[in-house]
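*Asks:* What follows is final01.cif, mmCIF, C-alpha atoms.
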data_final
#
loop_
_atom_site.label_atom_id
_atom_site.label_comp_id
_atom_site.auth_asym_id
_atom_site.auth_seq_id
_atom_site.Cartn_x
_atom_site.Cartn_y
_atom_site.Cartn_z
CA MET A 1 111.02 18.48 79.81
CA ILE A 2 108.86 21.63 79.71
CA ILE A 3 110.19 22.78 76.34
CA ASP A 4 112.85 21.39 74.03
CA PRO A 5 115.70 23.96 73.95
CA SER A 6 116.50 22.95 70.38
CA SER A 7 112.91 23.34 69.15
CA PHE A 8 111.54 26.07 66.90
CA THR A 9 109.30 27.20 69.76
CA PHE A 10 112.30 27.87 71.99
CA PHE A 11 114.10 29.59 69.11
CA VAL A 12 111.15 31.99 68.72
CA LEU A 13 111.10 32.51 72.50
CA VAL A 14 114.77 33.53 72.44
CA ILE A 15 114.08 36.08 69.70
CA ILE A 16 111.18 37.48 71.74
CA ILE A 17 113.47 37.79 74.78
CA ALA A 18 116.04 39.61 72.63
CA LEU A 19 113.38 42.03 71.42
CA VAL A 20 112.22 42.58 75.01
CA PHE A 21 115.82 43.51 75.80
CA GLU A 22 115.79 45.89 72.85
CA LEU A 23 112.61 47.45 74.23
CA SER A 24 114.17 47.80 77.68
CA ASN A 25 117.34 49.23 76.15
CA GLY A 26 115.37 51.91 74.31
CA PHE A 27 113.32 52.53 77.45
CA ASN A 28 116.40 53.09 79.60
CA ASP A 29 118.68 54.69 77.04
CA ALA A 30 116.08 57.16 75.75
CA ALA A 31 117.56 59.47 78.36
CA ASN A 32 120.99 59.28 76.75
CA ALA A 33 119.73 61.00 73.63
CA ILE A 34 117.37 63.57 75.12
CA ALA A 35 118.35 64.24 78.74
CA THR A 36 120.27 67.39 77.91
CA VAL A 37 117.72 68.82 75.45
CA VAL A 38 114.95 68.33 78.03
CA SER A 39 116.92 69.67 80.99
CA THR A 40 117.82 72.83 79.06
CA ARG A 41 114.11 73.26 78.15
CA VAL A 42 114.86 73.46 74.44
CA MET A 43 112.25 70.73 73.83
CA SER A 44 109.43 69.33 75.91
CA PRO A 45 109.80 65.72 77.10
CA PHE A 46 107.14 64.56 74.61
CA GLN A 47 108.75 66.34 71.65
CA ALA A 48 112.19 65.06 72.58
CA VAL A 49 111.05 61.46 73.06
CA LEU A 50 109.18 61.45 69.73
CA MET A 51 112.18 62.87 67.89
CA ALA A 52 114.53 60.42 69.58
CA ALA A 53 112.29 57.46 68.71
CA ILE A 54 112.31 58.37 65.02
CA MET A 55 116.06 59.01 64.90
CA ASN A 56 116.78 55.82 66.84
CA PHE A 57 114.97 53.85 64.14
CA VAL A 58 116.77 55.66 61.32
CA GLY A 59 120.13 55.07 62.96
CA ALA A 60 119.33 51.41 63.57
CA ILE A 61 118.88 50.60 59.89
CA THR A 62 122.11 52.23 58.66
CA GLY A 63 124.62 49.43 59.22
CA THR A 64 125.49 46.05 60.75
CA ALA A 65 129.18 46.35 61.74
CA VAL A 66 128.41 46.42 65.48
CA ALA A 67 125.88 43.58 65.09
CA LYS A 68 128.55 41.33 63.63
CA THR A 69 130.98 42.15 66.45
CA VAL A 70 128.41 41.28 69.13
CA GLY A 71 127.01 38.25 67.28
CA LYS A 72 130.31 36.46 66.75
CA GLY A 73 132.79 38.40 68.88
CA VAL A 74 131.67 37.49 72.42
CA VAL A 75 131.20 33.72 72.21
CA ASP A 76 132.15 31.36 69.39
CA PRO A 77 128.97 30.53 67.41
CA GLY A 78 130.50 27.18 66.41
CA ALA A 79 130.69 26.16 70.09
CA LEU A 80 126.94 26.63 70.51
CA SER A 81 125.92 23.69 68.36
CA GLY A 82 123.95 21.01 70.14
CA GLU A 83 120.80 20.77 72.20
CA PHE A 84 121.54 23.57 74.67
CA GLY A 85 123.25 26.07 72.39
CA MET A 86 120.11 28.14 72.01
CA LEU A 87 119.64 28.11 75.78
CA THR A 88 122.97 29.95 76.09
CA VAL A 89 121.72 32.82 73.95
CA GLY A 90 118.37 32.95 75.75
CA ALA A 91 119.83 32.91 79.27
CA GLY A 92 122.36 35.64 78.41
CA VAL A 93 119.82 38.01 76.90
CA LEU A 94 117.24 37.31 79.63
CA ALA A 95 119.79 38.21 82.33
CA ALA A 96 120.65 41.45 80.51
CA ALA A 97 116.99 42.40 80.09
CA LEU A 98 116.20 41.74 83.77
CA TRP A 99 119.10 43.94 84.87
CA VAL A 100 118.24 46.83 82.53
CA PHE A 101 114.55 46.76 83.53
CA THR A 102 115.50 46.70 87.22
CA ALA A 103 117.94 49.58 86.79
CA THR A 104 115.35 51.63 84.91
CA ARG A 105 112.86 51.04 87.71
CA PHE A 106 115.27 52.72 90.15
CA GLY A 107 116.38 55.48 87.77
CA MET A 108 119.90 54.11 87.32
CA PRO A 109 121.30 54.72 83.79
CA VAL A 110 123.20 51.45 83.34
CA SER A 111 124.81 50.20 80.16
CA GLY A 112 122.84 47.93 77.86
CA SER A 113 126.15 47.07 76.16
CA HIS A 114 127.75 45.93 79.40
CA SER A 115 124.63 43.97 80.28
CA LEU A 116 124.37 42.14 76.96
CA VAL A 117 128.06 41.30 76.64
CA SER A 118 128.40 40.08 80.22
CA GLY A 119 125.10 38.16 79.97
CA VAL A 120 126.06 36.25 76.83
CA ALA A 121 129.58 35.68 78.18
CA GLY A 122 128.28 34.36 81.51
CA ALA A 123 125.82 31.98 79.87
CA GLY A 124 128.49 30.91 77.39
CA ILE A 125 130.89 30.02 80.20
CA ALA A 126 128.13 28.00 81.88
CA HIS A 127 127.56 26.14 78.60
CA ALA A 128 131.11 25.32 77.49
CA GLY A 129 133.65 26.88 79.87
CA TRP A 130 135.98 29.83 79.42
CA GLY A 131 137.25 28.55 76.09
CA ILE A 132 134.01 29.59 74.38
CA LEU A 133 134.91 33.27 74.70
CA VAL A 134 136.37 34.97 71.62
CA GLY A 135 139.51 36.69 72.88
CA ALA A 136 139.93 39.13 70.00
CA GLY A 137 136.28 40.16 70.12
CA ILE A 138 136.26 40.60 73.90
CA GLN A 139 139.41 42.71 73.65
CA LYS A 140 137.88 44.91 70.95
CA ILE A 141 134.70 45.40 72.97
CA GLY A 142 136.68 46.05 76.15
CA LEU A 143 138.86 48.71 74.53
CA GLY A 144 135.77 50.45 73.20
CA LEU A 145 134.07 50.45 76.57
CA ILE A 146 137.21 51.80 78.26
CA PHE A 147 138.27 54.51 75.82
CA SER A 148 134.86 55.78 74.68
CA PRO A 149 134.04 57.51 78.00
CA ILE A 150 137.54 59.01 78.10
CA LEU A 151 137.05 60.45 74.62
CA GLY A 152 133.56 61.62 75.58
CA PHE A 153 134.95 63.53 78.57
CA LEU A 154 137.75 65.11 76.52
CA PHE A 155 135.49 66.08 73.61
CA GLY A 156 132.88 67.55 75.96
CA TYR A 157 135.56 69.58 77.72
CA ILE A 158 137.21 70.81 74.49
CA ILE A 159 133.96 71.72 72.70
CA MET A 160 132.69 73.66 75.72
CA LEU A 161 136.00 75.53 76.03
CA ALA A 162 135.82 76.42 72.34
CA ILE A 163 132.30 77.80 72.76
CA TYR A 164 133.40 79.92 75.74
CA TRP A 165 136.27 81.33 73.68
CA ILE A 166 134.31 81.97 70.45
CA PHE A 167 131.28 83.51 72.15
CA GLN A 168 132.98 85.32 75.03
CA LYS A 169 131.77 88.71 73.79
CA ALA A 170 128.30 87.60 72.63
CA THR A 171 125.21 88.52 74.60
CA PRO A 172 123.49 85.78 76.66
CA THR A 173 120.32 86.30 74.61
CA LEU A 174 122.15 85.62 71.33
CA VAL A 175 123.92 82.56 72.73
CA SER A 176 120.72 81.06 74.13
CA ALA A 177 118.79 81.65 70.90
CA LEU A 178 121.56 80.20 68.70
CA PHE A 179 122.32 77.12 70.75
CA GLY A 180 118.64 76.50 71.44
CA LYS A 181 118.30 75.78 67.73
CA LEU A 182 121.64 74.01 67.34
CA GLN A 183 120.91 71.71 70.26
CA ILE A 184 117.92 70.22 68.48
CA GLY A 185 120.34 69.08 65.79
CA THR A 186 122.82 67.58 68.23
CA ALA A 187 120.01 65.83 70.13
CA ALA A 188 118.86 64.29 66.84
CA ALA A 189 122.45 63.27 66.07
CA MET A 190 122.76 61.71 69.50
CA ALA A 191 119.56 59.73 68.99
CA PHE A 192 120.72 58.63 65.54
CA SER A 193 124.10 57.43 66.85
CA HIS A 194 122.37 55.65 69.73
CA GLY A 195 120.25 53.70 67.26
CA SER A 196 123.24 52.97 65.02
CA ASN A 197 125.15 51.41 67.91
CA ASP A 198 122.74 50.07 70.53
CA ALA A 199 120.06 48.65 68.25
CA GLN A 200 122.72 46.68 66.40
CA LYS A 201 123.65 44.78 69.55
CA THR A 202 120.26 43.06 69.60
CA MET A 203 120.51 42.50 65.84
CA GLY A 204 123.73 40.64 66.53
CA ILE A 205 122.13 38.47 69.20
CA ILE A 206 119.14 37.58 67.02
CA THR A 207 121.50 36.75 64.15
CA LEU A 208 123.53 34.60 66.56
CA ALA A 209 120.31 32.74 67.43
CA LEU A 210 119.63 32.23 63.72
CA SER A 211 123.18 30.97 63.24
CA VAL A 212 122.82 28.45 66.07
CA TYR A 213 119.35 27.21 65.10
CA TYR A 214 120.08 26.81 61.39
CA ASP A 215 123.72 25.60 61.88
CA TRP A 216 125.27 28.35 59.76
CA GLU A 217 128.78 27.45 60.95
CA ILE A 218 128.40 23.80 59.93
CA LYS A 219 126.79 24.67 56.59
CA GLY A 220 129.33 27.38 55.82
CA ILE A 221 126.72 30.16 55.68
CA PRO A 222 128.30 33.61 56.29
CA PHE A 223 127.28 35.57 59.39
CA GLU A 224 125.12 38.29 57.84
CA VAL A 225 122.26 40.17 59.48
CA PRO A 226 118.96 39.61 57.58
CA MET A 227 116.97 42.69 56.56
CA TRP A 228 113.94 41.67 58.64
CA VAL A 229 116.14 41.57 61.76
CA ILE A 230 117.41 45.09 61.03
CA ILE A 231 113.91 46.51 60.56
CA VAL A 232 112.30 44.74 63.53
CA SER A 233 115.14 45.74 65.86
CA GLY A 234 114.91 49.36 64.73
CA VAL A 235 111.14 49.48 65.24
CA VAL A 236 111.33 47.93 68.72
CA MET A 237 114.14 50.29 69.72
CA GLY A 238 112.04 53.24 68.57
CA ILE A 239 109.02 52.04 70.56
CA GLY A 240 111.17 51.57 73.67
CA THR A 241 112.57 55.07 73.25
CA TYR A 242 109.08 56.53 72.88
CA LEU A 243 108.08 54.88 76.15
CA GLY A 244 111.43 55.82 77.71
CA GLY A 245 112.00 56.57 81.37
CA ARG A 246 111.63 60.01 82.91
CA ARG A 247 113.61 58.98 86.00
CA VAL A 248 116.76 58.36 83.99
CA ILE A 249 116.25 61.64 82.13
CA HIS A 250 116.16 63.39 85.49
CA THR A 251 119.36 61.66 86.67
CA LEU A 252 121.41 62.51 83.59
CA GLY A 253 119.89 65.85 82.67
CA VAL A 254 119.36 67.46 86.05
CA ARG A 255 121.16 65.76 88.91
CA ILE A 256 124.71 65.65 87.52
CA VAL A 257 125.15 69.30 86.54
CA THR A 258 122.83 72.22 85.80
CA MET A 259 122.81 72.88 82.06
CA ARG A 260 121.77 75.49 79.54
CA SER A 261 121.60 75.08 75.77
CA PRO A 262 125.34 75.64 75.02
CA HIS A 263 126.20 73.02 77.65
CA GLY A 264 123.70 70.56 76.21
CA PHE A 265 125.05 71.19 72.71
CA SER A 266 128.60 70.45 73.85
CA ALA A 267 127.69 67.20 75.61
CA GLU A 268 125.54 65.92 72.75
CA ALA A 269 128.00 66.88 70.01
CA ALA A 270 130.84 65.16 71.87
CA ALA A 271 128.88 61.99 72.60
CA ALA A 272 127.36 61.69 69.12
CA SER A 273 130.81 62.03 67.52
CA VAL A 274 132.34 59.27 69.65
CA ILE A 275 129.41 56.87 69.28
CA GLU A 276 129.06 57.35 65.52
CA PHE A 277 132.77 56.70 64.98
CA ALA A 278 132.46 53.52 67.04
CA SER A 279 129.39 52.39 65.07
CA ARG A 280 131.12 52.75 61.71
CA THR A 281 134.18 50.83 62.92
CA GLY A 282 132.13 47.99 64.42
CA ILE A 283 132.89 48.77 68.07
CA PRO A 284 129.93 48.35 70.46
CA VAL A 285 130.16 51.08 73.10
CA SER A 286 128.01 52.15 76.00
CA THR A 287 125.96 55.19 75.05
CA THR A 288 125.32 55.68 78.76
CA HIS A 289 129.06 55.78 79.36
CA VAL A 290 129.69 58.26 76.59
CA ILE A 291 126.93 60.81 77.20
CA THR A 292 127.52 60.82 80.96
CA SER A 293 131.26 61.34 80.54
CA SER A 294 130.57 64.08 77.97
CA ILE A 295 128.32 65.85 80.48
CA LEU A 296 131.03 65.52 83.12
CA GLY A 297 133.66 66.90 80.73
CA MET A 298 131.46 69.83 79.76
CA GLY A 299 130.62 70.58 83.38
CA SER A 300 134.27 70.52 84.40
CA THR A 301 134.99 73.60 82.25
CA ARG A 302 132.97 75.77 84.60
CA ARG A 303 134.53 74.59 87.81
CA ILE A 304 135.05 71.17 89.33
CA SER A 305 132.45 71.86 92.03
CA ALA A 306 129.79 72.52 89.35
CA VAL A 307 129.62 68.78 88.79
CA ARG A 308 127.75 66.73 91.37
CA TRP A 309 130.42 64.04 91.56
CA GLY A 310 128.45 62.08 94.15
CA VAL A 311 125.73 61.41 91.58
CA ALA A 312 128.34 60.54 88.97
CA ARG A 313 129.90 58.13 91.45
CA GLU A 314 126.54 56.38 91.93
CA ILE A 315 126.28 55.91 88.17
CA VAL A 316 129.82 54.50 87.98
CA TYR A 317 128.90 52.01 90.70
CA GLY A 318 126.05 50.87 88.47
CA TRP A 319 128.44 50.35 85.57
CA VAL A 320 130.96 48.42 87.70
CA LEU A 321 128.29 46.18 89.23
CA THR A 322 126.78 45.34 85.85
CA PHE A 323 129.56 42.96 84.78
CA PRO A 324 129.60 40.60 87.76
CA ILE A 325 125.86 40.80 88.46
CA VAL A 326 124.68 40.10 84.91
CA GLY A 327 127.43 37.53 84.27
CA ILE A 328 126.58 35.58 87.43
CA LEU A 329 122.85 35.95 86.80
CA ALA A 330 123.21 34.59 83.24
CA PHE A 331 125.41 31.72 84.46
CA THR A 332 122.85 30.82 87.12
CA LEU A 333 119.86 31.14 84.78
CA TYR A 334 121.52 28.80 82.29
CA LYS A 335 122.19 26.17 84.94
CA ILE A 336 118.68 26.38 86.42
CA LEU A 337 116.92 26.32 83.04
CA LYS A 338 119.04 23.42 81.87
CA LEU A 339 118.10 21.40 84.96
CA ILE A 340 114.42 22.15 84.36
CA MET A 341 114.64 21.19 80.69
CA ILE A 342 116.56 17.92 81.09
#
What's the structure tokens form of this structure?

*Replies:*
Amino acid sequence: MIIDPSSFTFFVLVIIIALVFELSNGFNDAANAIATVVSTRVMSPFQAVLMAAIMNFVGAITGTAVAKTVGKGVVDPGALSGEFGMLTVGAGVLAAALWVFTATRFGMPVSGSHSLVSGVAGAGIAHAGWGILVGAGIQKIGLGLIFSPILGFLFGYIIMLAIYWIFQKATPTLVSALFGKLQIGTAAAMAFSHGSNDAQKTMGIITLALSVYYDWEIKGIPFEVPMWVIIVSGVVMGIGTYLGGRRVIHTLGVRIVTMRSPHGFSAEAAAASVIEFASRTGIPVSTTHVITSSILGMGSTRRISAVRWGVAREIVYGWVLTFPIVGILAFTLYKILKLIMI
């Protein structure tokens, strides 16, 4: 046996893997918060990334509702007791991190939420079969992932229509000056909501690892996220955002639809509203889903042909492929690592 999967060393290794995922999530999803503000030239890439990193951290330390949903709503923590319980967590997060890093390398804005949920679920099935999945939690997560992009599209469409109606007689110079300032606020709100939702997913996984290693279920210890987990996850998310990928920024902010500051304001305001509501109600959603659908909704107000639907279709393919690819990868990693460790 190379390393005992129930040892403290392996426990620490799992936490490191989870934090690497958090780094990759910030690296990929940095574009979600700042793509529009960069593409409209309201802020430079450096200014936008720095602002997003700070707001991601602030958002990350404002709650734990999503962390609890992810930590005990995908697989049953009580079913992970035993020698290879920790291996389940490690294999799931490792599969998610590998997928997100690979997607970032090719400029594909995939969902960290999809990756993490499908990774933990796939490894959980490999460990104890389909019965390990928490039906109510999976349903809650699924509904959030389905309806959040729909709401993002509708909000983006409605907000942009309202702006057209309110400012129909305003001069282009006035509109650009006003929304250039307002968009900085919505970009900050988007970054804040991203931290409040996405960073909590890794908090949940680390807390799940703590629960498994220290037998919280057996000892009757409540599933609560420790303060050090909240702070470390927020810091790592901020660092990942600061290092975040220009390719994904280009895909979201330039290739889907050409934007100016009012368009960026609409997309960011719509996405931030949906994500923040989800965060406060404990629903983990895909920030990639929401901001992309908000951009599509906003772009549709101009004319359907203004949106480069071919690019949007490529992104959707990435979302659809995430579930089977990460689930199968996590399942396979668990089986291989278990054979190595026996």

*Asks:* For the atom pair atom CA of Ile61 of chain A and atom CA of Phe179 of chain A, what is the interatomic distance in Å to one decimal place?

*Replies:*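 Atom-to-atom, atom CA of Ile61 of chain A and atom CA of Phe179 of chain A are spaced 28.9 Å apart.
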
*Asks:* Would you kindly return, as a VMD selection string, each protein, DNA or RNA residue with an atom no farther than 8 Å from any atom of segment 275-284 of chain A, considering only C-alpha atoms and excluding same-chain residues fewer than 2 positions away?

*Replies:* chain A and resid 63 to 70 113 140 to 141 144 to 145 148 193 to 194 196 to 198 201 271 to 273 286 to 287 290

*Asks:* Just checking: using all atoms listed in the file, which residue out of A:Pro226, A:Gly78, A:Gly124, A:Gly327 ends up closest to Thr207 of chain A?

*Replies:*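 Nearest to Thr207 of chain A: A:Pro226.
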
*Asks:* What are the nearest atom pairs, with distances in Å to one decimal, for all residues of segment 74-104 of chain A that come at most 6 Å from segment 115-123 of chain A, using only C-alpha atoms, set out by chain and rising residue number as CSV?

*Replies:*
residue,atom,partner,partner_atom,distance
A:Thr88,CA,A:Ala123,CA,5.2
A:Gly92,CA,A:Gly119,CA,4.0
A:Ala95,CA,A:Gly119,CA,5.8
A:Ala96,CA,A:Ser115,CA,4.7

*Asks:* Smallest atom-to-atom distance to Val316 of chain A: which of A:Ser233, A:Thr288, A:Thr171, A:Ser211, using all atoms listed in the file?

*Replies:*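 Among A:Ser233, A:Thr288, A:Thr171, A:Ser211, it is A:Thr288 that comes nearest to Val316 of chain A.
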
*Asks:* Which residue out of A:Val89, A:Leu133, A:Val225, A:Leu98 has the minimum interatomic distance to Val212 of chain A when only C-alpha atoms are used?

*Replies:*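 That would be A:Val89, the residue with the smallest distance to Val212 of chain A.
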
*Asks:* Wanna dump the segment 125-212 of chain A-segment 80-86 of chain A contacts at 9 Å for me, each residue with its shortest atom pair and the distance in Å to one decimal, counting only C-alpha atoms, ordered by chain and number, as CSV?

*Replies:*
residue,atom,partner,partner_atom,distance
A:His127,CA,A:Gly85,CA,7.6
A:Ala128,CA,A:Leu80,CA,8.2
A:Ile132,CA,A:Leu80,CA,8.6
A:Ala209,CA,A:Met86,CA,6.5
A:Val212,CA,A:Ser81,CA,6.1

*Asks:* Within 6 Å of Ala199 of chain A, counting all atoms listed in the file, which residues show up once you throw out same-chain ones fewer than 3 positions away? Write them as an NGL selection string, please.

*Replies:* :A and (60 or 195 or 202)

*Asks:* Mind giving me the straight-line distance from atom CA of Leu178 of chain A to atom CA of Ile150 of chain A in Å, one decimal?

*Replies:*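 Separation between atom CA of Leu178 of chain A and atom CA of Ile150 of chain A: 28.2 Å.
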
*Asks:* Tell me, as a ChimeraX atom specification, which residues lie within 6 Å of Phe192 of chain A, counting only C-alpha atoms; anything in the same chain fewer than 5 positions away does not count.

*Replies:* /A:55-56,59

*Asks:* If we count all atoms listed in the file, what is near segment 152-168 of chain A at a cut-off of 6 Å, once residues fewer than 2 positions away on the same chain are taken out, given as a short mmCIF file (atom, residue, chain, number, x, y, z; two decimals) with C-alpha atoms, in the frame of the given file?

*Replies:*
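This went into selection.cif:
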data_model
loop_
_atom_site.label_atom_id
_atom_site.label_comp_id
_atom_site.auth_asym_id
_atom_site.auth_seq_id
_atom_site.Cartn_x
_atom_site.Cartn_y
_atom_site.Cartn_z
CA PRO A 149 134.04 57.51 78.00
CA ILE A 150 137.54 59.01 78.10
CA ALA A 170 128.30 87.60 72.63
CA SER A 266 128.60 70.45 73.85
CA ALA A 267 127.69 67.20 75.61
CA ALA A 270 130.84 65.16 71.87
CA ALA A 271 128.88 61.99 72.60
CA VAL A 290 129.69 58.26 76.59
CA SER A 293 131.26 61.34 80.54
CA SER A 294 130.57 64.08 77.97
CA GLY A 297 133.66 66.90 80.73
CA MET A 298 131.46 69.83 79.76
#

*Asks:* Skipping near chain neighbours, those fewer than 5 positions away, what residues fall within 8 Å of Trp319 of chain A using all atoms listed in the file, listed as a list in words?

*Replies:*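 Final neighbour list, sorted by chain and number: Val110, Ser111 and His114 of chain A.
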
*Asks:* Nearest to Glu217 of chain A: which of A:Ala79, A:Ile340, A:Ala330, A:Leu321 is it, counting all atoms listed in the file?

*Replies:*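 Closest residue, counting all atoms listed in the file: A:Ala79.
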
*Asks:* What is the distance, in Å and to one decimal place, between atom CA of Leu333 of chain A and atom CA of Ile17 of chain A?

*Replies:*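 Separating atom CA of Leu333 of chain A from atom CA of Ile17 of chain A is a distance of 13.6 Å.
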
*Asks:* Report as JSON, numbers by chain the residues that result from applying the PyMOL selection byres ((chain A and resi 16) around 12) to the structure here.

*Replies:* {"A": [9, 10, 11, 12, 13, 14, 15, 17, 18, 19, 20, 21, 22, 23, 89, 90, 93, 94, 97, 202, 205, 206, 209, 229, 232, 233, 236]}

*Asks:* Using only C-alpha atoms, please write the residues we just selected to a file, as a PDB file, keeping the file's coordinate frame.

*Replies:*
ATOM      1  CA  THR A   9     109.300  27.200  69.760  1.00  0.00           C
ATOM      2  CA  PHE A  10     112.300  27.870  71.990  1.00  0.00           C
ATOM      3  CA  PHE A  11     114.100  29.590  69.110  1.00  0.00           C
ATOM      4  CA  VAL A  12     111.150  31.990  68.720  1.00  0.00           C
ATOM      5  CA  LEU A  13     111.100  32.510  72.500  1.00  0.00           C
ATOM      6  CA  VAL A  14     114.770  33.530  72.440  1.00  0.00           C
ATOM      7  CA  ILE A  15     114.080  36.080  69.700  1.00  0.00           C
ATOM      8  CA  ILE A  17     113.470  37.790  74.780  1.00  0.00           C
ATOM      9  CA  ALA A  18     116.040  39.610  72.630  1.00  0.00           C
ATOM     10  CA  LEU A  19     113.380  42.030  71.420  1.00  0.00           C
ATOM     11  CA  VAL A  20     112.220  42.580  75.010  1.00  0.00           C
ATOM     12  CA  PHE A  21     115.820  43.510  75.800  1.00  0.00           C
ATOM     13  CA  GLU A  22     115.790  45.890  72.850  1.00  0.00           C
ATOM     14  CA  LEU A  23     112.610  47.450  74.230  1.00  0.00           C
ATOM     15  CA  VAL A  89     121.720  32.820  73.950  1.00  0.00           C
ATOM     16  CA  GLY A  90     118.370  32.950  75.750  1.00  0.00           C
ATOM     17  CA  VAL A  93     119.820  38.010  76.900  1.00  0.00           C
ATOM     18  CA  LEU A  94     117.240  37.310  79.630  1.00  0.00           C
ATOM     19  CA  ALA A  97     116.990  42.400  80.090  1.00  0.00           C
ATOM     20  CA  THR A 202     120.260  43.060  69.600  1.00  0.00           C
ATOM     21  CA  ILE A 205     122.130  38.470  69.200  1.00  0.00           C
ATOM     22  CA  ILE A 206     119.140  37.580  67.020  1.00  0.00           C
ATOM     23  CA  ALA A 209     120.310  32.740  67.430  1.00  0.00           C
ATOM     24  CA  VAL A 229     116.140  41.570  61.760  1.00  0.00           C
ATOM     25  CA  VAL A 232     112.300  44.740  63.530  1.00  0.00           C
ATOM     26  CA  SER A 233     115.140  45.740  65.860  1.00  0.00           C
ATOM     27  CA  VAL A 236     111.330  47.930  68.720  1.00  0.00           C
TER      28      VAL A 236
END

*Asks:* Measuring between only C-alpha atoms, which one of A:Val75, A:Tyr242, A:Gly142, A:Phe101 shows the shortest distance to Gln47 of chain A?

*Replies:* A:Tyr242

*Asks:* Can you tell me, as lines of an AutoDock Vina configuration file, the centre and edge lengths (Å, one decimal) of the axis-aligned box enclosing all of segment 126-138 of chain A's listed atoms after padding each side by 8 Å?

*Replies:*
center_x = 133.7
center_y = 33.0
center_z = 75.9
size_x = 28.4
size_y = 31.3
size_z = 27.9
